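This is model06.cif. It holds mmCIF, C-alpha atoms.
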```cif
data_work
loop_
_atom_site.group_PDB
_atom_site.id
_atom_site.type_symbol
_atom_site.label_atom_id
_atom_site.label_comp_id
_atom_site.auth_asym_id
_atom_site.auth_seq_id
_atom_site.Cartn_x
_atom_site.Cartn_y
_atom_site.Cartn_z
ATOM 1 C CA MET V 35 -6.820 32.474 50.128
ATOM 2 C CA GLU V 36 -3.551 31.879 48.234
ATOM 3 C CA GLN V 37 -2.859 28.644 50.124
ATOM 4 C CA LYS V 38 -6.359 27.362 49.349
ATOM 5 C CA PHE V 39 -5.789 28.082 45.665
ATOM 6 C CA LEU V 40 -2.400 26.334 45.758
ATOM 7 C CA ASN V 41 -3.942 23.283 47.447
ATOM 8 C CA GLU V 42 -6.589 23.029 44.718
ATOM 9 C CA ILE V 43 -3.906 23.178 42.023
ATOM 10 C CA TYR V 44 -1.661 20.673 43.807
ATOM 11 C CA ASN V 45 -4.483 18.126 44.103
ATOM 12 C CA LEU V 46 -5.321 18.466 40.410
ATOM 13 C CA VAL V 47 -1.697 18.136 39.329
ATOM 14 C CA LEU V 48 -1.515 14.778 41.122
ATOM 15 C CA ASP V 49 -4.712 13.544 39.486
ATOM 16 C CA ARG V 50 -4.039 10.903 36.822
ATOM 17 C CA ASP V 51 -7.268 11.630 34.965
ATOM 18 C CA ILE V 52 -6.399 15.131 33.753
ATOM 19 C CA ARG V 53 -4.649 15.871 30.455
ATOM 20 C CA GLU V 54 -0.925 16.625 30.333
ATOM 21 C CA TRP V 55 -1.667 20.038 28.787
ATOM 22 C CA GLU V 56 -3.965 20.877 31.688
ATOM 23 C CA ARG V 57 -1.316 19.678 34.136
ATOM 24 C CA GLN V 58 1.313 21.936 32.586
ATOM 25 C CA GLU V 59 -0.968 24.978 32.758
ATOM 26 C CA LEU V 60 -1.708 24.268 36.421
ATOM 27 C CA LEU V 61 1.986 23.780 37.191
ATOM 28 C CA GLN V 62 2.775 27.091 35.509
ATOM 29 C CA ALA V 63 0.180 28.831 37.675
ATOM 30 C CA LYS V 64 1.663 27.176 40.761
ATOM 31 C CA GLN V 65 5.175 28.331 39.826
ATOM 32 C CA ASN V 66 3.945 31.852 39.172
ATOM 33 C CA LEU V 67 2.359 32.047 42.600
ATOM 34 C CA GLU V 68 5.437 30.651 44.299
ATOM 35 C CA SER V 69 7.633 33.158 42.472
ATOM 36 C CA GLY V 70 5.695 36.021 44.010
ATOM 37 C CA LYS V 71 3.187 37.002 41.330
ATOM 38 C CA ARG V 72 -0.109 38.395 42.584
ATOM 39 C CA GLU V 73 -2.848 35.817 43.071
ATOM 40 C CA LYS V 74 -5.417 37.776 41.081
ATOM 41 C CA GLN V 75 -3.037 38.056 38.111
ATOM 42 C CA VAL V 76 -2.225 34.331 38.214
ATOM 43 C CA ILE V 77 -5.870 33.271 38.425
ATOM 44 C CA ASN V 78 -6.913 35.571 35.594
ATOM 45 C CA ALA V 79 -4.085 34.236 33.416
ATOM 46 C CA LEU V 80 -5.005 30.617 34.178
ATOM 47 C CA GLU V 81 -8.683 31.306 33.474
ATOM 48 C CA ALA V 82 -7.689 32.794 30.108
ATOM 49 C CA GLN V 83 -5.672 29.703 29.191
ATOM 50 C CA LEU V 84 -8.438 27.270 30.132
ATOM 51 C CA ARG V 85 -11.256 29.321 28.606
ATOM 52 C CA PRO V 86 -11.029 28.110 24.954
ATOM 53 C CA LEU V 87 -11.454 24.463 25.967
ATOM 54 C CA ALA V 88 -14.036 25.374 28.593
ATOM 55 C CA LEU V 89 -16.152 27.064 25.938
ATOM 56 C CA ARG V 90 -15.984 23.879 23.892
ATOM 57 C CA GLN V 91 -16.948 21.732 26.901
ATOM 58 C CA ASN V 92 -13.629 19.954 26.375
ATOM 59 C CA LEU V 93 -11.894 20.133 29.749
ATOM 60 C CA THR V 94 -11.596 16.952 31.789
ATOM 61 C CA PRO V 95 -14.327 16.813 34.464
ATOM 62 C CA LYS V 96 -12.271 17.849 37.488
ATOM 63 C CA VAL V 97 -10.521 20.655 35.645
ATOM 64 C CA SER V 98 -13.878 21.791 34.302
ATOM 65 C CA GLN V 99 -15.195 21.993 37.860
ATOM 66 C CA PHE V 100 -12.060 23.896 38.898
ATOM 67 C CA TYR V 101 -12.516 26.276 35.975
ATOM 68 C CA GLN V 102 -16.052 27.039 37.123
ATOM 69 C CA SER V 103 -14.710 27.873 40.571
ATOM 70 C CA ILE V 104 -12.195 30.411 39.279
ATOM 71 C CA SER V 105 -14.545 31.936 36.729
ATOM 72 C CA ASN V 106 -17.415 32.500 39.186
ATOM 73 C CA GLY V 107 -15.385 34.468 41.703
ATOM 74 C CA LYS V 108 -14.735 31.746 44.283
ATOM 75 C CA PHE V 109 -11.120 32.867 44.478
ATOM 76 C CA SER V 110 -11.909 36.598 44.301
ATOM 77 C CA VAL V 111 -10.823 36.983 40.713
ATOM 78 C CA GLY V 112 -13.351 39.689 40.017
ATOM 79 C CA LEU V 113 -14.882 37.912 37.029
ATOM 80 C CA ASP V 114 -18.521 38.183 38.104
ATOM 81 C CA LYS V 115 -19.505 39.991 34.881
ATOM 82 C CA ALA V 116 -17.894 37.226 32.872
ATOM 83 C CA VAL V 117 -20.008 34.473 34.394
ATOM 84 C CA SER V 118 -23.198 35.126 32.437
ATOM 85 C CA ARG V 119 -21.226 35.540 29.212
ATOM 86 C CA GLU V 120 -19.258 32.339 29.755
ATOM 87 C CA THR V 121 -22.447 30.461 30.542
ATOM 88 C CA ASP V 122 -24.107 31.840 27.435
ATOM 89 C CA LEU V 123 -21.186 30.964 25.159
ATOM 90 C CA SER V 124 -20.844 27.521 26.696
ATOM 91 C CA SER V 125 -24.534 26.802 26.088
ATOM 92 C CA LYS V 126 -24.139 27.745 22.418
ATOM 93 C CA THR V 127 -21.061 25.612 21.809
ATOM 94 C CA ALA V 128 -22.441 22.687 23.807
ATOM 95 C CA LYS V 129 -25.190 22.239 21.219
ATOM 96 C CA VAL V 130 -22.673 21.481 18.455
ATOM 97 C CA PRO V 131 -20.561 18.299 18.477
ATOM 98 C CA LEU V 132 -16.843 19.056 18.800
ATOM 99 C CA GLU V 133 -16.015 17.515 15.431
ATOM 100 C CA TYR V 134 -18.013 20.283 13.741
ATOM 101 C CA GLN V 135 -16.560 23.129 15.756
ATOM 102 C CA GLU V 136 -13.786 25.059 14.041
ATOM 103 C CA ARG V 137 -11.792 28.114 15.053
ATOM 104 C CA ALA V 138 -10.805 31.170 13.010
ATOM 105 C CA ILE V 139 -8.597 34.002 14.248
ATOM 106 C CA PHE V 140 -8.534 37.332 12.423
ATOM 107 C CA ALA V 141 -6.779 40.615 13.184
ATOM 108 C CA GLY V 142 -8.093 43.712 11.460
ATOM 109 C CA GLY V 143 -7.614 46.793 13.578
ATOM 110 C CA CYS V 144 -9.572 47.585 16.725
ATOM 111 C CA PHE V 145 -11.361 44.447 17.903
ATOM 112 C CA TRP V 146 -14.306 46.569 19.046
ATOM 113 C CA CYS V 147 -15.268 46.809 15.374
ATOM 114 C CA MET V 148 -14.354 43.232 14.440
ATOM 115 C CA VAL V 149 -17.057 41.383 16.366
ATOM 116 C CA GLU V 150 -20.403 42.592 15.013
ATOM 117 C CA PRO V 151 -19.762 41.768 11.302
ATOM 118 C CA PHE V 152 -19.377 38.085 12.241
ATOM 119 C CA ASP V 153 -21.589 37.866 15.306
ATOM 120 C CA THR V 154 -24.908 37.850 13.481
ATOM 121 C CA ARG V 155 -23.972 35.236 10.873
ATOM 122 C CA PRO V 156 -25.575 31.760 10.933
ATOM 123 C CA GLY V 157 -23.183 29.129 12.226
ATOM 124 C CA VAL V 158 -21.075 31.485 14.328
ATOM 125 C CA LEU V 159 -21.149 30.088 17.862
ATOM 126 C CA ALA V 160 -18.885 32.362 19.879
ATOM 127 C CA ILE V 161 -16.576 35.333 19.381
ATOM 128 C CA THR V 162 -13.904 36.458 21.818
ATOM 129 C CA SER V 163 -11.832 39.631 21.559
ATOM 130 C CA GLY V 164 -8.203 39.211 22.503
ATOM 131 C CA PHE V 165 -4.521 39.416 21.707
ATOM 132 C CA THR V 166 -2.242 37.092 19.766
ATOM 133 C CA GLY V 167 0.900 36.890 17.656
ATOM 134 C CA GLY V 168 3.394 38.239 20.200
ATOM 135 C CA GLU V 169 6.052 36.665 22.381
ATOM 136 C CA SER V 170 5.091 37.994 25.801
ATOM 137 C CA GLU V 171 2.735 36.086 28.086
ATOM 138 C CA TYR V 172 -0.410 37.448 29.713
ATOM 139 C CA PRO V 173 -0.683 40.612 27.582
ATOM 140 C CA ILE V 174 -3.052 43.334 28.734
ATOM 141 C CA TYR V 175 -4.698 46.133 26.791
ATOM 142 C CA ASP V 176 -2.708 48.949 28.405
ATOM 143 C CA THR V 177 0.676 47.538 27.328
ATOM 144 C CA LEU V 178 -0.334 46.114 23.958
ATOM 145 C CA ALA V 179 1.743 48.615 21.961
ATOM 146 C CA THR V 180 4.949 47.084 23.363
ATOM 147 C CA SER V 181 3.938 43.424 23.783
ATOM 148 C CA GLY V 182 4.282 42.384 20.131
ATOM 149 C CA HIS V 183 0.683 41.178 19.984
ATOM 150 C CA VAL V 184 -2.117 42.392 17.734
ATOM 151 C CA GLU V 185 -5.765 42.899 18.578
ATOM 152 C CA ALA V 186 -7.757 40.009 17.136
ATOM 153 C CA VAL V 187 -10.983 38.048 17.368
ATOM 154 C CA GLU V 188 -11.348 34.309 17.892
ATOM 155 C CA ILE V 189 -14.408 32.917 16.133
ATOM 156 C CA ILE V 190 -15.804 29.490 16.973
ATOM 157 C CA PHE V 191 -18.115 28.324 14.209
ATOM 158 C CA ASP V 192 -20.134 25.309 13.118
ATOM 159 C CA ASN V 193 -18.465 24.306 9.846
ATOM 160 C CA ARG V 194 -21.636 22.533 8.694
ATOM 161 C CA VAL V 195 -23.384 25.908 8.561
ATOM 162 C CA MET V 196 -20.583 28.434 8.087
ATOM 163 C CA SER V 197 -17.512 27.821 5.942
ATOM 164 C CA TYR V 198 -14.025 29.156 6.588
ATOM 165 C CA GLU V 199 -14.045 30.498 3.030
ATOM 166 C CA TYR V 200 -17.101 32.641 3.727
ATOM 167 C CA LEU V 201 -15.641 33.961 6.972
ATOM 168 C CA LEU V 202 -12.637 35.091 4.940
ATOM 169 C CA GLU V 203 -14.928 36.863 2.483
ATOM 170 C CA ILE V 204 -16.472 38.797 5.360
ATOM 171 C CA TYR V 205 -13.015 39.537 6.731
ATOM 172 C CA TRP V 206 -11.675 40.971 3.462
ATOM 173 C CA SER V 207 -14.787 43.142 3.129
ATOM 174 C CA ILE V 208 -14.172 44.987 6.409
ATOM 175 C CA ILE V 209 -10.418 45.667 6.263
ATOM 176 C CA ASN V 210 -7.949 47.441 4.008
ATOM 177 C CA PRO V 211 -5.455 44.661 3.164
ATOM 178 C CA THR V 212 -3.004 47.137 1.585
ATOM 179 C CA ASP V 213 -2.426 49.138 4.797
ATOM 180 C CA ALA V 214 0.769 48.131 6.610
ATOM 181 C CA GLY V 215 0.469 50.793 9.302
ATOM 182 C CA GLY V 216 -2.739 49.636 10.932
ATOM 183 C CA GLN V 217 -6.370 49.894 9.945
ATOM 184 C CA PHE V 218 -8.227 53.107 9.164
ATOM 185 C CA LEU V 219 -8.148 55.346 12.260
ATOM 186 C CA ASP V 220 -6.258 52.729 14.276
ATOM 187 C CA ARG V 221 -2.532 53.203 13.755
ATOM 188 C CA GLY V 222 0.335 51.107 15.046
ATOM 189 C CA ALA V 223 1.708 47.573 14.890
ATOM 190 C CA GLN V 224 -0.973 46.288 17.275
ATOM 191 C CA TYR V 225 -3.618 47.101 14.649
ATOM 192 C CA GLN V 226 -2.004 45.341 11.685
ATOM 193 C CA SER V 227 -4.164 42.911 9.741
ATOM 194 C CA ALA V 228 -3.375 39.204 9.895
ATOM 195 C CA ILE V 229 -4.989 35.803 9.470
ATOM 196 C CA PHE V 230 -3.880 33.208 12.009
ATOM 197 C CA VAL V 231 -4.390 29.705 10.624
ATOM 198 C CA GLY V 232 -4.836 26.623 12.759
ATOM 199 C CA ASN V 233 -3.840 23.984 10.227
ATOM 200 C CA GLU V 234 -2.646 23.447 6.664
ATOM 201 C CA THR V 235 -6.190 23.310 5.307
ATOM 202 C CA GLN V 236 -6.928 26.758 6.661
ATOM 203 C CA ARG V 237 -3.585 28.019 5.341
ATOM 204 C CA LYS V 238 -4.345 26.759 1.837
ATOM 205 C CA ILE V 239 -7.813 28.332 1.866
ATOM 206 C CA ALA V 240 -6.437 31.614 3.215
ATOM 207 C CA GLU V 241 -3.659 31.753 0.611
ATOM 208 C CA GLN V 242 -6.123 31.118 -2.207
ATOM 209 C CA SER V 243 -8.492 33.741 -0.832
ATOM 210 C CA LYS V 244 -5.652 36.251 -0.562
ATOM 211 C CA GLN V 245 -4.613 35.622 -4.164
ATOM 212 C CA LYS V 246 -8.200 36.077 -5.284
ATOM 213 C CA ILE V 247 -8.695 39.469 -3.652
ATOM 214 C CA ALA V 248 -5.246 40.654 -4.779
ATOM 215 C CA LYS V 249 -6.652 40.980 -8.301
ATOM 216 C CA HIS V 250 -8.831 43.861 -7.106
ATOM 217 C CA TYR V 251 -5.971 45.898 -5.630
ATOM 218 C CA PRO V 252 -3.098 47.543 -7.518
ATOM 219 C CA LEU V 253 -1.199 47.931 -4.254
ATOM 220 C CA PRO V 254 0.447 44.897 -2.599
ATOM 221 C CA ILE V 255 -1.637 42.903 -0.128
ATOM 222 C CA VAL V 256 0.224 43.188 3.164
ATOM 223 C CA THR V 257 -2.167 41.161 5.328
ATOM 224 C CA MET V 258 -0.087 38.385 6.839
ATOM 225 C CA ILE V 259 -1.021 34.708 7.035
ATOM 226 C CA ARG V 260 0.579 33.267 10.156
ATOM 227 C CA ASP V 261 0.413 30.117 12.242
ATOM 228 C CA ALA V 262 -1.980 30.480 15.137
ATOM 229 C CA SER V 263 -0.333 30.798 18.531
ATOM 230 C CA THR V 264 -1.745 31.365 22.000
ATOM 231 C CA PHE V 265 -4.875 33.495 21.896
ATOM 232 C CA TRP V 266 -5.157 35.602 25.035
ATOM 233 C CA PRO V 267 -8.720 36.814 25.754
ATOM 234 C CA ALA V 268 -8.883 40.546 26.451
ATOM 235 C CA GLU V 269 -10.275 42.043 29.621
ATOM 236 C CA GLU V 270 -13.989 41.458 30.104
ATOM 237 C CA TYR V 271 -15.026 45.038 29.340
ATOM 238 C CA HIS V 272 -13.800 44.539 25.751
ATOM 239 C CA GLN V 273 -16.054 41.538 25.137
ATOM 240 C CA ASP V 274 -19.190 42.210 23.040
ATOM 241 C CA TRP V 275 -18.260 45.883 23.245
ATOM 242 C CA TYR V 276 -20.581 46.892 20.406
ATOM 243 C CA LYS V 277 -23.619 45.589 22.300
ATOM 244 C CA TYR V 278 -22.965 47.638 25.422
ATOM 245 C CA ASN V 279 -21.820 50.819 23.668
ATOM 246 C CA PRO V 280 -24.214 51.035 20.683
ATOM 247 C CA LYS V 281 -24.038 54.809 20.131
ATOM 248 C CA ARG V 282 -20.269 54.975 20.264
ATOM 249 C CA TYR V 283 -19.996 51.867 18.116
ATOM 250 C CA LYS V 284 -22.209 53.384 15.412
ATOM 251 C CA ILE V 285 -19.990 56.474 15.297
ATOM 252 C CA MET V 286 -16.823 54.365 15.082
ATOM 253 C CA GLU V 287 -18.308 52.025 12.500
ATOM 254 C CA LYS V 288 -19.469 54.946 10.363
ATOM 255 C CA ALA V 289 -15.966 56.424 10.404
ATOM 256 C CA ARG V 290 -14.442 53.021 9.660
ATOM 257 C CA LYS V 291 -16.735 52.508 6.657
ATOM 258 C CA ARG V 292 -15.892 55.998 5.378
ATOM 259 C CA TYR V 293 -12.174 55.252 5.533
ATOM 260 C CA TYR V 294 -12.791 51.866 3.922
ATOM 261 C CA LYS V 295 -14.544 53.506 0.955
ATOM 262 C CA GLN V 296 -11.694 55.994 0.644
ATOM 263 C CA SER V 297 -9.132 53.199 0.596
ATOM 264 C CA ILE V 298 -11.080 51.340 -2.104
ATOM 265 C CA LEU V 299 -11.299 54.540 -4.164
ATOM 266 C CA THR V 300 -7.572 55.144 -3.767
ATOM 267 C CA ASN V 301 -6.817 51.637 -5.000
ATOM 268 C CA PHE V 302 -9.255 52.048 -7.894
ATOM 269 C CA LEU V 303 -7.618 55.301 -8.999
ATOM 270 C CA LYS V 304 -4.139 53.804 -8.798
ATOM 271 C CA ARG V 305 -5.256 50.819 -10.811
ATOM 272 C CA GLY V 306 -6.203 53.178 -13.636
ATOM 273 C CA GLN V 307 -2.814 54.898 -13.652
#
```
Would you mind writing the file out in structure tokens?
Amino acid sequence: MEQKFLNEIYNLVLDRDIREWERQELLQAKQNLESGKREKQVINALEAQLRPLALRQNLTPKVSQFYQSISNGKFSVGLDKAVSRETDLSSKTAKVPLEYQERAIFAGGCFWCMVEPFDTRPGVLAITSGFTGGESEYPIYDTLATSGHVEAVEIIFDNRVMSYEYLLEIYWSIINPTDAGGQFLDRGAQYQSAIFVGNETQRKIAEQSKQKIAKHYPLPIVTMIRDASTFWPAEEYHQDWYKYNPKRYKIMEKARKRYYKQSILTNFLKRGQ
């Protein structure tokens, strides 16, 4: 099976019609296999790298076809559960021209609780839970505490319907921006809040939004605004977690809201001191 996978990659690498970025990702996968990494790990990592453009229907045709082959289990990746989700997300993004699709990346504690507040909003096309902000490649959930990454959500939205400014308003309303040790019950560096901006326009909007909400808090706003880097999708069982675990999600969300109210009250009391 490994040789068949290598042959597919080799043929694509030689194809003049694919993008240089796609070529480099394929070459990296080839090198990883040849260095002895497990095939399943390499395929999953490559699928994760190609996924953002695949969701936007923005891979070159042959790479798009190759992506479908690795995401539907042809190479025994074990992504069968992801197929229906990928198809669903692709159908949503395909309806919106690429020039109107924009990406926002927010970190605000456990990503299980970061999806639902955005998921039901008009103009939001797709949300993926994942990891970003660290130096290590191919992070996984079990080693997140030492990888330097934070849990985050990637939101693809139609900027004709939903504005980046409004997404930020939602974001500020569900986190405690004065907490440097995590968020609510979630403690540790991997749960720190951060806004990852994709361009200078987003940075300017985020900075202005941060200054605006700072007026409501006597404590310093510690939420970072950082340049977006590679966003690594989390394992499939984390995706749309609130939909498949409704009872547990309600309990977690109730506790999160309780801690949020306590943090607001604490800031209010300190403001009066």
Q | Picked residues, the PyMOL selection byres ((chain V and resi 253) around 7), expected as a PyMOL selection string | A | chain V and resi 212+251-252+254-255+301
Q.
When the PyMOL selection byres ((chain V and resi 168) around 8) is applied to the structure above, which residues does it catch, written out as a list in words?
A.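 Selection result, ordered by chain and number: Thr166, Gly167, Glu169, Ser170, Ser181, Gly182, His183 and Val184 of chain V.
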Can I get the selection written as a PDB file, keeping the file's coordinate frame, with C-alpha atoms?
```pdb
ATOM      1  CA  THR V 166      -2.242  37.092  19.766  1.00  0.00           C
ATOM      2  CA  GLY V 167       0.900  36.890  17.656  1.00  0.00           C
ATOM      3  CA  GLU V 169       6.052  36.665  22.381  1.00  0.00           C
ATOM      4  CA  SER V 170       5.091  37.994  25.801  1.00  0.00           C
ATOM      5  CA  SER V 181       3.938  43.424  23.783  1.00  0.00           C
ATOM      6  CA  GLY V 182       4.282  42.384  20.131  1.00  0.00           C
ATOM      7  CA  HIS V 183       0.683  41.178  19.984  1.00  0.00           C
ATOM      8  CA  VAL V 184      -2.117  42.392  17.734  1.00  0.00           C
TER       9      VAL V 184
END
```
Q. Could you spell out the hits of the PyMOL selection byres ((chain V and resi 291) around 12) on the shown file, as JSON, numbers by chain?
A. {"V": [147, 207, 208, 209, 210, 217, 218, 219, 283, 284, 285, 286, 287, 288, 289, 290, 292, 293, 294, 295, 296, 297, 298]}
Q: Go through V:Asn193, V:Leu60, V:Glu81, V:Lys96 one by one, measure the shortest atom-to-atom distance of each to Glu133 (chain V) using all atoms listed in the file, and give the residue with the smallest value.
A: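 That would be V:Asn193, the residue with the smallest distance to Glu133 (chain V).
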Q) With all atoms listed in the file as the basis for distance, which of V:Ala82, V:Val76, V:Cys144, V:Ile139 is at the shortest distance from Ile161 (chain V)? A)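 Among V:Ala82, V:Val76, V:Cys144, V:Ile139, it is V:Ile139 that comes nearest to Ile161 (chain V).
Between CA of Arg57 (chain V) and CA of Glu136 (chain V) the interatomic distance comes to 24.3 Å.
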Q: Quick one: pull the distance between CA of Lys74 (chain V) and CA of Met148 (chain V), Å, one decimal.
A: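 The value is 28.6 Å.
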Q. At a cut-off of 10 Å from (-9.1, 29.4, 31.3) in the coordinates of the file, what residues are picked up using only C-alpha atoms, written as a list in words?
A. Glu56, Glu59, Ile77, Asn78, Ala79, Leu80, Glu81, Ala82, Gln83, Leu84, Arg85, Pro86, Leu87, Ala88, Leu89, Leu93, Val97, Ser98, Phe100, Tyr101, Gln102, Ile104, Ser105, Trp266 and Pro267 of chain V
For Gln242 (chain V), please output as a PDB file with C-alpha atoms, keeping the file's coordinate frame all residues within 10 Å (counting only C-alpha atoms; exclusion window: fewer than 6 positions along the same chain).
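File written: around11.pdb
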```pdb
ATOM      1  CA  GLU V 199     -14.045  30.498   3.030  1.00  0.00           C
ATOM      2  CA  GLN V 236      -6.928  26.758   6.661  1.00  0.00           C
ATOM      3  CA  ALA V 248      -5.246  40.654  -4.779  1.00  0.00           C
TER       4      ALA V 248
END
```
**Q.** For CA of Ile229 (chain V) and CA of Thr162 (chain V), the interatomic separation in Å (one decimal)
**A.**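 For CA of Ile229 (chain V) relative to CA of Thr162 (chain V), the distance reads 15.2 Å.
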Q) Which residue gives the smallest distance to Ser197 (chain V) among V:Asp213, V:Gln226, V:Gln135, V:Phe165, with all atoms listed in the file counted? A)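 Looking only at the distances to Ser197 (chain V), the closest residue turns out to be V:Gln135.
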Q: May I have the protein, DNA and RNA residues with any atom at most 12 Å from the point (-5.2, 34.6, -3.6), counting all atoms listed in the file, written as a ChimeraX atom specification?
A: /V:199,202-203,206,237-251,254-255,257,259
Q: Could you tell me which of V:Lys38, V:His272, V:Lys129, V:Arg155 comes closest to Ala186 (chain V) if we count all atoms listed in the file?
A: V:His272
Output, as JSON, the centre and edge lengths in Å (one decimal) of the axis-aligned box that contains all listed atoms of region 239-245 of chain V with 4 Å of margin on each side.
```
{"center_x": -6.1, "center_y": 32.3, "center_z": -0.5, "size_x": 12.8, "size_y": 15.9, "size_z": 15.4}
```
**Q.** Counting all atoms listed in the file, the residue of V:Val149, V:Leu46, V:Ala268, V:Val231 that sits nearest Pro173 (chain V)
**A.**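 Of V:Val149, V:Leu46, V:Ala268, V:Val231, the one nearest Pro173 (chain V), counting all atoms listed in the file, is V:Ala268.
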Q. Can you list, as a PyMOL selection string, every protein, DNA or RNA residue that comes within 10 Å of region 151-154 of chain V when you count only C-alpha atoms, leaving out same-chain residues fewer than 6 positions away?
A. chain V and resi 160-161+187+189+201+204-205+207-208+274
